[in-house]
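Q: I'd like to ask some things about the structure below.
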Amino acid sequence: MWSAVTGRLGIDDVTPSVGGGRYPSKAAVGESIPIQATVWREGHDAVAANVVWKKLGSPGAGQHVRMVPVGVDSDRWLARVVPDSDGLWTFRVDAWSDPWHTWLHTIHAKVDAGQDALELVNDLETGARLIERVGRRPGERSNRDLLFGAAAALRDTTLPLPERLAPALSEPVGTILTERPVRELLTRGRTHQVWVDRRRALYSSWYELFPRSTGGRDETGRAVHGSFVTASKELDRIAAMGFDVVYLPPIHPIGEVNRKGPNSAALPGGNPDARPGDVGSPWAIGSKDGGHDAIHPELGTLEDFDAFVARTRELGMEVALDLALQAAPDHPWASTHPEWFTTRPDGSIAYAENPPKKYQDIYPINFDNDPTGLYAEVLRVCLHWAEHGVRILRVDNPHTKPPNFWHWLIWQIKAKYPDVLFLAEAFTRPARLYGLARLGFTQSYTYFTWRTGKQEIIEFAAEHAARADEARPNLFVNTPDILHSSLQHGGRGMFAIRATLAATLSPSWGVYSGYELYEHEAARPGSEEYLDSEKYQLRPRDYEAALATGNSLQPWLTRLNEIRAAHPALQQLRELHFHFVDNDQLLAYSKTDPVTGDTVICVVTLDPATAQQGTVWLDLPSLGLNWGETFGVRDDVTGVGYTWSQANFVRLEPWRAVCHIMTLTPRT
C-alpha cells in the first residue's frame with residue numbers, strides 16, 4: 001500500500017499542500033512560509049522534526065530547518081522558511097526519535113521523584129554514551145573536551161548527584177545536542193512543491209488607466225483621442241501616488257462591425273449602435289487593422305508602446321496588459337479561422353450574451369474545435385507582448401474558458417518567462433476562483449467589492465488569509481464594470497473607507513481611474529454600470545483641477561501607499577487577526593510580519609457620514625504581548641502616539657479620518 005512517508009514514525013497533515021499535493025503551493029521571494037506537520041510515534045519517547053528546503057536544481061542536499069512544537073503537549077510542529085529567489089522549490093518533513101530529549105525528560109522526572117544515583121546508574125550511563133556519541137563526530141572537535149567532560153561527570157561516582165548532572169544539563173551541552181541532534185528511526189516525508197514568484201506577485205498597488213482618455217479636450221470642449229504619448233504624461237502622477245502597476249485595458253484595434261455607442265444599451269434611449277466618430281469598446285478586439293498582436297492606430301505604434309513601457313519602468317512601475325480572448329466580428333480570426341468560434345444553426349457566428357445583455361460586437365472563442373491551432377496562437381500572442389516588456393497579464397473572464405487551457409498556457413509562458421504574473425478577473429464562485437489559482441494564476445479578483453458589512457468583511461478576509469498557499473486576492477475598489485451601490489450613495493467618506501480596507505486587508509489592491517475624483521453616477525437606479533462609461537467613450541479628466549480645489553482623494557491614496565511601503569506587516573497576507581469591537585460600525589484587525597516583527601493595528605469605521613466610537617478589545621498574545629501589558633502605539637495617519645492596553649477607547653469622525661493605522665512602538 002502506498003505511504004506518504006518512508007520510515008518508522010508518523011508524519012501526517014503536512015501543510016502547505018494544495019489539492020492534496022497535486023499542485024505547487026504559492027509563495028513570493030522574501031515571504032515567510034509556515035510549514036506544519038503532525039509528527040507522532042508510539043509510547044512516550046520524544047520525537048523531533050525538521051524541514052528539508054531546497055530550490056529545484058540547486059546543488060547540495062538542501063537547507064535543514066528545525067521544527068518546533070505548536071503549543072504545549074502538541075503533536076503539531078512548525079518551521080518557517082523564506083525563499084530568496086523565484087522558481088520552483090521543494091520541501092519535505094523529516095521526523096526522528098530524539099533520544100536526547102527522551103533522556104532529559106526521564107532524568108528530570110526521576111530526580112524530581114527523589115531517586116538517587118544508585119537507582120539512576122543506567123540512566124546516567126545512557127546519557128554519557130549519548131554525549132560521547134556526539135563528541136566523536138568530526139564536526140565537534142572544538143567541543144570535544146566540553147562533551148567528554150560532561151560524559152565523565154555522569155560516570156563519576158565520587159561526585160554528589162547534582163554535580164554529576166550539572167555539566168550534562170548545562171546550556172552549552174544542551175545547545176549542541178539540540179542543534180546537532182542524535183537522530184534515530186529517521187523517517188522521510190513526502191516531497192512537496194512551492195512555486196515562488198517575484199515579490200510583486202504578493203505585494204502590489206494597481207492603477208487602471210485607459211490611454212485613449214488621456215488626450216484632453218480641444219478648444220470646442222470635444223474629447224480628443226489619447227495615445228501612448230499622452231498617456232505617458234500621466235505616469236509621473238500615478239507613480240507619485242505610490243502605485244507600481246499600471247493596468248491597461250485592451251490596446252488593440254477595435255471592431256467596426258456592430259460597434260457599440262456611448263452607454264451602449266445601459267440607458268433607455270441610449271446608443272446600442274455606434275455613430276460616426278464613436279470609439280467603441282476596447283474589449284471588442286480586432287478589425288482590418290489587426291488583432292491581438294496589434295495596436296489600435298490612434299494609440300500609436302509598437303515603438304510608442306515600447307517607450308511607454310520603458311518610461312513606466314523608469315518610474316519604478318510596470319505595465320499589466322489585458323488578455324481578453326474574444327474577437328470582434330471583423331477580427332482577422334473570424335475570416336481566417338472561423339472554426340475558433342461557435343456557429344449557430346443558421347450559419348452565423350454566435351455573439352456574446354449575458355441575458356438580458358447582448359454584445360453583438362463580441363464573438364466568444366470556442367476552445368474545442370481546434371485546440372492545437374488556437375492554443376498555439378494564444379501562446380504566440382502572449383509571448384509577443386512578453387518580448388515587448390509585458391510581465392503581467394490581467395486575464396478577462398478566465399472562468400469562461402477551459403481550465404486545462406489555462407494550466408497549459410500559464411506554464412508554457414513561465415517556461416520561457418518565469419517572472420510573468422497572471423491576474424484572474426474571476427468574479428465567480430469560490431470553486432472556480434480557487435481552481436484557477438491552483439492551475440497557476442498568480443492573483444485573483446474577488447468578491448471584496450460586494451463585502452461591505454462588518455461580519456462579511458471579517459469572514460471574507462479571514463478566508464483569503466487562511467488560503468494564502470493557493471490563492472492571492474487583489475482587492476479592487478472599483479472597475480469599469482463595477483460601481484457598487486455603496487460608492488453611489490456613500491459619499492466621499494465611503495471612497496476613503498473602501499480604499500483603506502483594500503489597502504490594509506490585502507497586500508495587493510487596485511483602483512480604476514476616476515476613483516480619486518469620487519465618480520459615482522450610475523447608468524440607472526439599481527445598476528452597477530457607470531453613467532457615460534469609459535468602456536464606450538472617451539472620458540478625459542482634470543486631476544490637477546480637482547486636487548487644487550480639494551475635490552480629490554489623491555492625497556489619501558498616496559498616504560495609504562506610503563504607509564504600506566513603510567510596513568512589511570501590510571505587505572503580507574497570512575498573518576491577519578481580527579479583534580473585538582463593541583460597535584458594529586467599527587472594524588479592528590492586526591497584521592504582523594514574521595520576518596521583521598513589524599506589527600500594525602487597524603481600526604476602520606464603516607460609517608462614511610457619522611462619528612462612531614467604541615472599545616477595541618485586543619487579543620494581546622496574538623500581538624506577541626502578555627495579558628495586562630501596556631504598550632506604545634503611533635498612529636501613522638495623524639502621527640500621534642498613545643499608550644494602549646487590552647481595552648482601548650476609539651472615536652472616528654469620517655470627515656477627519658476614517659481609520660487609525662497604529663504601529664506598535666518597540667519595547668524598551
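Naming works like this for the C-alpha cells: A, B, ... for the chains as they're shown, residue 1 at the start of each chain, ligands 1 onward in shown order.
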Quick one: residues within 7 Å of Ile601 (chain A), only C-alpha atoms counted, chain neighbours fewer than 3 positions away excluded, as a PyMOL selection string?
A: chain A and resi 589-591+661-663
Q: Give me, as a Markdown table, the closest atom pair and its distance (Å, one decimal) for every residue of region 86-116 of chain A within a cut-off of 6 Å of region 172-188 of chain A, counting only C-alpha atoms, rows sorted by chain and rising number.
A:
```
| residue | atom | partner | partner_atom | distance |
| --- | --- | --- | --- | --- |
| A:Asp94 | CA | A:Arg188 | CA | 4.5 |
| A:Ala95 | CA | A:Thr187 | CA | 5.1 |
| A:Trp96 | CA | A:Leu186 | CA | 4.4 |
| A:Ser97 | CA | A:Glu184 | CA | 5.0 |
| A:Asp98 | CA | A:Arg183 | CA | 5.9 |
```
Q: I need the chosen residues saved as an mmCIF file, in the first residue's frame, with N, CA and C atoms.
A:
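The resulting file, selection.cif, is reproduced below:
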```
data_model
loop_
_atom_site.group_PDB
_atom_site.id
_atom_site.type_symbol
_atom_site.label_atom_id
_atom_site.label_comp_id
_atom_site.auth_asym_id
_atom_site.auth_seq_id
_atom_site.Cartn_x
_atom_site.Cartn_y
_atom_site.Cartn_z
ATOM 1 N N ASP A 94 11.089 15.720 7.688
ATOM 2 C CA ASP A 94 11.746 14.535 8.235
ATOM 3 C C ASP A 94 11.476 14.475 9.733
ATOM 4 N N ALA A 95 11.184 13.285 10.225
ATOM 5 C CA ALA A 95 10.943 13.097 11.658
ATOM 6 C C ALA A 95 11.900 12.041 12.189
ATOM 7 N N TRP A 96 12.163 12.110 13.474
ATOM 8 C CA TRP A 96 13.040 11.111 14.073
ATOM 9 C C TRP A 96 12.742 10.970 15.556
ATOM 10 N N SER A 97 13.173 9.857 16.086
ATOM 11 C CA SER A 97 13.137 9.664 17.528
ATOM 12 C C SER A 97 14.303 10.440 18.123
ATOM 13 N N ASP A 98 14.029 11.183 19.185
ATOM 14 C CA ASP A 98 15.013 12.110 19.765
ATOM 15 C C ASP A 98 15.483 11.568 21.121
#
```
Q: Using only C-alpha atoms, what table do you get, as CSV, when you list each residue of region 261-307 of chain A with an atom no more than 8 Å from region 223-235 of chain A, its nearest pair of atoms, and their distance in Å rounded to one decimal, rows by chain then rising number?
A:
```
residue,atom,partner,partner_atom,distance
A:Glu298,CA,A:Ser227,CA,6.4
A:Leu299,CA,A:Ser227,CA,3.9
A:Gly300,CA,A:Ser227,CA,5.9
A:Asp304,CA,A:Phe228,CA,6.1
A:Phe305,CA,A:Phe228,CA,6.2
```
Q: Let's have the selection written as a PDB file, in the first residue's frame, with all heavy atoms.
A:
```
ATOM      1  N   GLU A 298      -4.887  54.731 -33.390  1.00  0.00           N
ATOM      2  CA  GLU A 298      -4.946  56.040 -32.732  1.00  0.00           C
ATOM      3  C   GLU A 298      -4.157  56.075 -31.423  1.00  0.00           C
ATOM      4  O   GLU A 298      -3.876  57.156 -30.904  1.00  0.00           O
ATOM      5  CB  GLU A 298      -6.407  56.417 -32.482  1.00  0.00           C
ATOM      6  CG  GLU A 298      -7.175  56.738 -33.753  1.00  0.00           C
ATOM      7  CD  GLU A 298      -8.537  57.344 -33.465  1.00  0.00           C
ATOM      8  OE1 GLU A 298      -8.593  58.557 -33.160  1.00  0.00           O
ATOM      9  OE2 GLU A 298      -9.527  56.597 -33.535  1.00  0.00           O
ATOM     10  N   LEU A 299      -3.797  54.908 -30.877  1.00  0.00           N
ATOM     11  CA  LEU A 299      -2.939  54.890 -29.684  1.00  0.00           C
ATOM     12  C   LEU A 299      -1.472  55.069 -30.036  1.00  0.00           C
ATOM     13  O   LEU A 299      -0.670  55.462 -29.180  1.00  0.00           O
ATOM     14  CB  LEU A 299      -3.129  53.581 -28.912  1.00  0.00           C
ATOM     15  CG  LEU A 299      -4.473  53.372 -28.216  1.00  0.00           C
ATOM     16  CD1 LEU A 299      -4.511  51.999 -27.558  1.00  0.00           C
ATOM     17  CD2 LEU A 299      -4.715  54.464 -27.180  1.00  0.00           C
ATOM     18  N   GLY A 300      -1.111  54.751 -31.271  1.00  0.00           N
ATOM     19  CA  GLY A 300       0.268  54.917 -31.689  1.00  0.00           C
ATOM     20  C   GLY A 300       0.819  53.650 -32.302  1.00  0.00           C
ATOM     21  O   GLY A 300       0.082  52.785 -32.781  1.00  0.00           O
ATOM     22  N   ASP A 304       5.898  53.325 -29.924  1.00  0.00           N
ATOM     23  CA  ASP A 304       5.313  54.185 -28.888  1.00  0.00           C
ATOM     24  C   ASP A 304       4.979  53.374 -27.637  1.00  0.00           C
ATOM     25  O   ASP A 304       5.177  53.837 -26.507  1.00  0.00           O
ATOM     26  CB  ASP A 304       4.036  54.860 -29.413  1.00  0.00           C
ATOM     27  CG  ASP A 304       4.312  55.851 -30.527  1.00  0.00           C
ATOM     28  OD1 ASP A 304       5.412  56.445 -30.538  1.00  0.00           O
ATOM     29  OD2 ASP A 304       3.426  56.030 -31.385  1.00  0.00           O
ATOM     30  N   PHE A 305       4.470  52.166 -27.857  1.00  0.00           N
ATOM     31  CA  PHE A 305       4.163  51.304 -26.715  1.00  0.00           C
ATOM     32  C   PHE A 305       5.437  50.933 -25.970  1.00  0.00           C
ATOM     33  O   PHE A 305       5.482  50.962 -24.729  1.00  0.00           O
ATOM     34  CB  PHE A 305       3.441  50.042 -27.184  1.00  0.00           C
ATOM     35  CG  PHE A 305       3.176  49.058 -26.079  1.00  0.00           C
ATOM     36  CD1 PHE A 305       2.164  49.281 -25.158  1.00  0.00           C
ATOM     37  CD2 PHE A 305       3.950  47.911 -25.952  1.00  0.00           C
ATOM     38  CE1 PHE A 305       1.924  48.379 -24.125  1.00  0.00           C
ATOM     39  CE2 PHE A 305       3.720  47.000 -24.926  1.00  0.00           C
ATOM     40  CZ  PHE A 305       2.704  47.236 -24.013  1.00  0.00           C
TER      41      PHE A 305
END
```
Q: Residues near Arg539 (chain A), anyone? I mean within 10 Å using only C-alpha atoms, not counting same-chain ones fewer than 6 positions away, as an NGL selection string.
A: :A and (210 or 212-217 or 223-225 or 514 or 532-533)
Q: Can you list, as an MDAnalysis selection string, all residues belonging to region 400-572 of chain A that DSSP tags as helix (DSSP H, G or I)?
A: chainID A and resid 400 403:416 430:439 448:450 454:466 485:489 491:505 515:517 543:548 554:566 568:571
Q: Within 12 Å of Pro621 (chain A), counting only C-alpha atoms, which residues qualify if same-chain residues fewer than 2 places away don't, as a PyMOL selection string?
A: chain A and resi 577+579+590+618-619+623-629+645-646
Q: Taking 5 positions as the minimum chain separation for residues in the same chain, which residues sit within 12 Å of Gln455 (chain A) when counting only C-alpha atoms? Answer as a list in words.
A: Phe460, Ala461, Ala462, Phe578, His579, Phe580, Val581, Asn583, Asp584, Gln585, Leu586, Leu587, Ala588 and Leu606 of chain A
Q: For the residues in that selection, give me N, CA, C and O atoms as a compact mmCIF listing (two decimals), in the first residue's frame.
A:
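For reference, selection-v9.txt as written:
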```txt
# COMPACT_ATOMS: atom_id res chain seq x y z
N PHE A 460 -14.70 37.17 4.88
CA PHE A 460 -14.04 37.24 3.58
C PHE A 460 -12.53 37.31 3.75
O PHE A 460 -11.77 36.54 3.14
N ALA A 461 -12.05 38.25 4.57
CA ALA A 461 -10.61 38.45 4.72
C ALA A 461 -9.95 37.27 5.41
O ALA A 461 -8.84 36.85 5.04
N ALA A 462 -10.61 36.70 6.43
CA ALA A 462 -10.04 35.56 7.13
C ALA A 462 -9.91 34.36 6.20
O ALA A 462 -8.91 33.62 6.26
N PHE A 578 -8.34 39.40 13.64
CA PHE A 578 -9.40 40.35 13.95
C PHE A 578 -9.60 40.44 15.46
O PHE A 578 -9.47 39.45 16.18
N HIS A 579 -9.92 41.65 15.93
CA HIS A 579 -10.12 41.91 17.35
C HIS A 579 -11.54 42.42 17.58
O HIS A 579 -12.14 43.04 16.70
N PHE A 580 -12.04 42.18 18.77
CA PHE A 580 -13.42 42.53 19.08
C PHE A 580 -13.58 44.03 19.31
O PHE A 580 -12.76 44.65 20.00
N VAL A 581 -14.62 44.59 18.72
CA VAL A 581 -15.02 45.97 18.98
C VAL A 581 -16.51 45.96 19.30
O VAL A 581 -17.29 45.32 18.59
N ASN A 583 -18.89 47.76 18.67
CA ASN A 583 -19.66 48.63 17.78
C ASN A 583 -19.59 48.01 16.39
O ASN A 583 -18.49 47.84 15.83
N ASP A 584 -20.74 47.69 15.81
CA ASP A 584 -20.76 47.02 14.52
C ASP A 584 -20.33 47.92 13.37
O ASP A 584 -20.16 47.44 12.24
N GLN A 585 -20.16 49.20 13.64
CA GLN A 585 -19.68 50.12 12.61
C GLN A 585 -18.18 50.36 12.70
O GLN A 585 -17.64 51.19 11.96
N LEU A 586 -17.51 49.65 13.60
CA LEU A 586 -16.06 49.75 13.72
C LEU A 586 -15.45 48.36 13.53
O LEU A 586 -15.94 47.38 14.09
N LEU A 587 -14.38 48.31 12.76
CA LEU A 587 -13.69 47.06 12.45
C LEU A 587 -12.24 47.19 12.90
O LEU A 587 -11.58 48.18 12.58
N ALA A 588 -11.73 46.19 13.63
CA ALA A 588 -10.35 46.23 14.13
C ALA A 588 -9.63 44.95 13.74
O ALA A 588 -10.19 43.85 13.88
N LEU A 606 -16.89 51.92 9.37
CA LEU A 606 -17.66 51.51 8.20
C LEU A 606 -18.78 52.49 7.89
O LEU A 606 -19.54 52.30 6.94
```
Q: Residues of region 99-207 of chain A within 12 Å of region 488-504 of chain A: nearest atom pair and distance (Å, one decimal) for each, counting only C-alpha atoms, sorted by chain and number, as CSV?
A:
```
residue,atom,partner,partner_atom,distance
A:Tyr203,CA,A:Ala503,CA,10.3
A:Ser204,CA,A:Ala503,CA,9.7
A:Ser205,CA,A:Ala503,CA,8.2
A:Trp206,CA,A:Ala503,CA,10.5
```
Q: Could you please take those selected residues and save N, CA and C atoms as a short mmCIF file (atom, residue, chain, number, x, y, z; two decimals), in the first residue's frame?
A:
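Saved the output as again.cif:
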```cif
data_model
loop_
_atom_site.label_atom_id
_atom_site.label_comp_id
_atom_site.auth_asym_id
_atom_site.auth_seq_id
_atom_site.Cartn_x
_atom_site.Cartn_y
_atom_site.Cartn_z
N TYR A 203 2.86 41.59 -3.30
CA TYR A 203 2.69 42.97 -2.84
C TYR A 203 2.69 43.91 -4.04
N SER A 204 1.54 44.52 -4.31
CA SER A 204 1.45 45.41 -5.46
C SER A 204 0.26 46.35 -5.30
N SER A 205 0.37 47.52 -5.93
CA SER A 205 -0.70 48.52 -5.92
C SER A 205 -0.99 48.88 -7.37
N TRP A 206 -2.21 48.61 -7.82
CA TRP A 206 -2.57 48.71 -9.24
C TRP A 206 -3.38 49.98 -9.51
#
```
Q: In Å, rounded to a single decimal, give me how far CA of Leu130 (chain A) is from CA of Val111 (chain A).
A: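 Separation of CA of Val111 (chain A) and CA of Leu130 (chain A): 18.9 Å.
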Q: So, with only C-alpha atoms as the atoms that count, which of A:Glu529, A:Glu132, A:Glu463, A:Glu140 lies closest to Leu487 (chain A)?
A: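 Of all the options, A:Glu529 lies closest to Leu487 (chain A).
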Q: Quick one: of A:Glu125, A:Gly639, A:Ala657, A:Val650, who's nearest to Trp556 (chain A), counting only C-alpha atoms?
A: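 Closest to Trp556 (chain A), using only C-alpha atoms: A:Ala657.
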Q: So how far away is CA of His388 (chain A) from CA of Val309 (chain A), in Å?
A: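 Distance reported for this atom pair: 8.1 Å.
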Q: Using DSSP assignments from the backbone, pull out every residue in region 261-462 of chain A that falls under strand (DSSP E or B) and give it to me as a PDB file with N, CA and C atoms, in the first residue's frame.
A:
```
ATOM      1  N   ILE A 285     -12.299  43.257 -29.750  1.00  0.00           N
ATOM      2  CA  ILE A 285     -10.929  43.289 -30.277  1.00  0.00           C
ATOM      3  C   ILE A 285     -10.898  42.826 -31.727  1.00  0.00           C
ATOM      4  N   SER A 287      -9.918  44.254 -36.045  1.00  0.00           N
ATOM      5  CA  SER A 287     -10.510  44.932 -37.200  1.00  0.00           C
ATOM      6  C   SER A 287      -9.575  44.711 -38.379  1.00  0.00           C
ATOM      7  N   GLY A 290      -5.872  44.711 -37.607  1.00  0.00           N
ATOM      8  CA  GLY A 290      -5.160  43.646 -36.915  1.00  0.00           C
ATOM      9  C   GLY A 290      -5.922  43.127 -35.715  1.00  0.00           C
ATOM     10  N   GLU A 318       5.433  48.987 -13.569  1.00  0.00           N
ATOM     11  CA  GLU A 318       5.411  48.155 -14.764  1.00  0.00           C
ATOM     12  C   GLU A 318       3.998  48.099 -15.321  1.00  0.00           C
ATOM     13  N   VAL A 319       3.906  47.647 -16.563  1.00  0.00           N
ATOM     14  CA  VAL A 319       2.631  47.601 -17.273  1.00  0.00           C
ATOM     15  C   VAL A 319       1.999  46.228 -17.114  1.00  0.00           C
ATOM     16  N   ALA A 320       0.714  46.207 -16.794  1.00  0.00           N
ATOM     17  CA  ALA A 320      -0.104  45.000 -16.888  1.00  0.00           C
ATOM     18  C   ALA A 320      -1.024  45.172 -18.085  1.00  0.00           C
ATOM     19  N   LEU A 321      -1.066  44.183 -18.934  1.00  0.00           N
ATOM     20  CA  LEU A 321      -1.850  44.266 -20.160  1.00  0.00           C
ATOM     21  C   LEU A 321      -3.026  43.299 -20.093  1.00  0.00           C
ATOM     22  N   ASP A 322      -4.169  43.740 -20.595  1.00  0.00           N
ATOM     23  CA  ASP A 322      -5.368  42.920 -20.601  1.00  0.00           C
ATOM     24  C   ASP A 322      -5.256  41.826 -21.660  1.00  0.00           C
ATOM     25  N   LEU A 323      -5.534  40.599 -21.246  1.00  0.00           N
ATOM     26  CA  LEU A 323      -5.638  39.486 -22.179  1.00  0.00           C
ATOM     27  C   LEU A 323      -7.107  39.068 -22.225  1.00  0.00           C
ATOM     28  N   GLN A 326     -11.387  37.012 -26.949  1.00  0.00           N
ATOM     29  CA  GLN A 326     -12.645  37.164 -27.666  1.00  0.00           C
ATOM     30  C   GLN A 326     -12.345  38.021 -28.882  1.00  0.00           C
ATOM     31  N   ALA A 327     -13.293  38.168 -29.766  1.00  0.00           N
ATOM     32  CA  ALA A 327     -12.995  38.860 -31.022  1.00  0.00           C
ATOM     33  C   ALA A 327     -14.202  39.633 -31.511  1.00  0.00           C
ATOM     34  N   THR A 343     -20.681  28.275 -34.324  1.00  0.00           N
ATOM     35  CA  THR A 343     -21.622  28.566 -35.401  1.00  0.00           C
ATOM     36  C   THR A 343     -23.031  28.150 -34.989  1.00  0.00           C
ATOM     37  N   ILE A 349     -22.114  33.267 -36.809  1.00  0.00           N
ATOM     38  CA  ILE A 349     -21.279  33.072 -35.628  1.00  0.00           C
ATOM     39  C   ILE A 349     -21.991  33.671 -34.424  1.00  0.00           C
ATOM     40  N   ALA A 352     -21.620  37.268 -28.065  1.00  0.00           N
ATOM     41  CA  ALA A 352     -21.663  37.090 -26.610  1.00  0.00           C
ATOM     42  C   ALA A 352     -22.996  37.588 -26.053  1.00  0.00           C
ATOM     43  N   GLU A 353     -23.510  36.849 -25.083  1.00  0.00           N
ATOM     44  CA  GLU A 353     -24.740  37.236 -24.401  1.00  0.00           C
ATOM     45  C   GLU A 353     -24.618  36.933 -22.915  1.00  0.00           C
ATOM     46  N   ASN A 354     -25.153  37.815 -22.119  1.00  0.00           N
ATOM     47  CA  ASN A 354     -25.321  37.596 -20.687  1.00  0.00           C
ATOM     48  C   ASN A 354     -26.705  38.126 -20.359  1.00  0.00           C
ATOM     49  N   LYS A 357     -28.356  41.135 -21.351  1.00  0.00           N
ATOM     50  CA  LYS A 357     -27.380  41.907 -22.120  1.00  0.00           C
ATOM     51  C   LYS A 357     -26.982  41.150 -23.380  1.00  0.00           C
ATOM     52  N   LYS A 358     -26.809  41.892 -24.460  1.00  0.00           N
ATOM     53  CA  LYS A 358     -26.324  41.341 -25.721  1.00  0.00           C
ATOM     54  C   LYS A 358     -25.089  42.123 -26.154  1.00  0.00           C
ATOM     55  N   TYR A 359     -24.073  41.390 -26.587  1.00  0.00           N
ATOM     56  CA  TYR A 359     -22.828  42.011 -27.025  1.00  0.00           C
ATOM     57  C   TYR A 359     -22.570  41.586 -28.476  1.00  0.00           C
ATOM     58  N   TYR A 363     -17.449  38.266 -30.389  1.00  0.00           N
ATOM     59  CA  TYR A 363     -17.605  36.830 -30.606  1.00  0.00           C
ATOM     60  C   TYR A 363     -16.808  36.081 -29.537  1.00  0.00           C
ATOM     61  N   PRO A 364     -17.437  35.235 -28.727  1.00  0.00           N
ATOM     62  CA  PRO A 364     -16.667  34.379 -27.812  1.00  0.00           C
ATOM     63  C   PRO A 364     -15.864  33.338 -28.589  1.00  0.00           C
ATOM     64  N   ILE A 392       3.089  41.227 -16.796  1.00  0.00           N
ATOM     65  CA  ILE A 392       1.855  40.961 -16.065  1.00  0.00           C
ATOM     66  C   ILE A 392       0.710  40.940 -17.065  1.00  0.00           C
ATOM     67  N   LEU A 393      -0.096  39.898 -17.011  1.00  0.00           N
ATOM     68  CA  LEU A 393      -1.294  39.803 -17.830  1.00  0.00           C
ATOM     69  C   LEU A 393      -2.504  39.766 -16.915  1.00  0.00           C
ATOM     70  N   ARG A 394      -3.421  40.710 -17.119  1.00  0.00           N
ATOM     71  CA  ARG A 394      -4.710  40.689 -16.424  1.00  0.00           C
ATOM     72  C   ARG A 394      -5.667  39.981 -17.369  1.00  0.00           C
ATOM     73  N   VAL A 395      -6.186  38.833 -16.955  1.00  0.00           N
ATOM     74  CA  VAL A 395      -6.944  37.966 -17.848  1.00  0.00           C
ATOM     75  C   VAL A 395      -8.437  38.207 -17.661  1.00  0.00           C
ATOM     76  N   LEU A 421       3.415  37.310 -14.429  1.00  0.00           N
ATOM     77  CA  LEU A 421       2.354  37.145 -13.443  1.00  0.00           C
ATOM     78  C   LEU A 421       0.997  37.210 -14.138  1.00  0.00           C
ATOM     79  N   PHE A 422       0.003  36.529 -13.556  1.00  0.00           N
ATOM     80  CA  PHE A 422      -1.323  36.451 -14.155  1.00  0.00           C
ATOM     81  C   PHE A 422      -2.368  36.823 -13.106  1.00  0.00           C
ATOM     82  N   LEU A 423      -3.166  37.847 -13.418  1.00  0.00           N
ATOM     83  CA  LEU A 423      -4.282  38.245 -12.562  1.00  0.00           C
ATOM     84  C   LEU A 423      -5.576  37.752 -13.189  1.00  0.00           C
ATOM     85  N   ALA A 424      -6.324  36.939 -12.458  1.00  0.00           N
ATOM     86  CA  ALA A 424      -7.586  36.398 -12.958  1.00  0.00           C
ATOM     87  C   ALA A 424      -8.731  37.325 -12.593  1.00  0.00           C
ATOM     88  N   GLN A 443      -2.715  35.943  -9.040  1.00  0.00           N
ATOM     89  CA  GLN A 443      -3.630  36.711  -8.202  1.00  0.00           C
ATOM     90  C   GLN A 443      -5.050  36.545  -8.738  1.00  0.00           C
ATOM     91  N   SER A 444      -6.010  36.939  -7.922  1.00  0.00           N
ATOM     92  CA  SER A 444      -7.413  36.799  -8.316  1.00  0.00           C
ATOM     93  C   SER A 444      -8.213  38.017  -7.876  1.00  0.00           C
TER      94      SER A 444
END
```
Q: Between CA of Gly614 (chain A) and CA of Glu456 (chain A), measure the distance and give it in Å to one decimal.
A: 19.7 Å
Q: Which is closer to Pro262 (chain A) than all the others in A:Arg141, A:His484, A:Arg313, A:Arg275, using only C-alpha atoms?
A: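 Comparing A:Arg141, A:His484, A:Arg313, A:Arg275 against Pro262 (chain A), the winner is A:Arg275.
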Q: Find the residues around Leu547 (chain A) up to 12 Å (only C-alpha atoms counted), leave out those fewer than 4 positions away in its own chain, and share them as number ranges by chain.
A: A: 237, 516-518, 541-543, 551-556
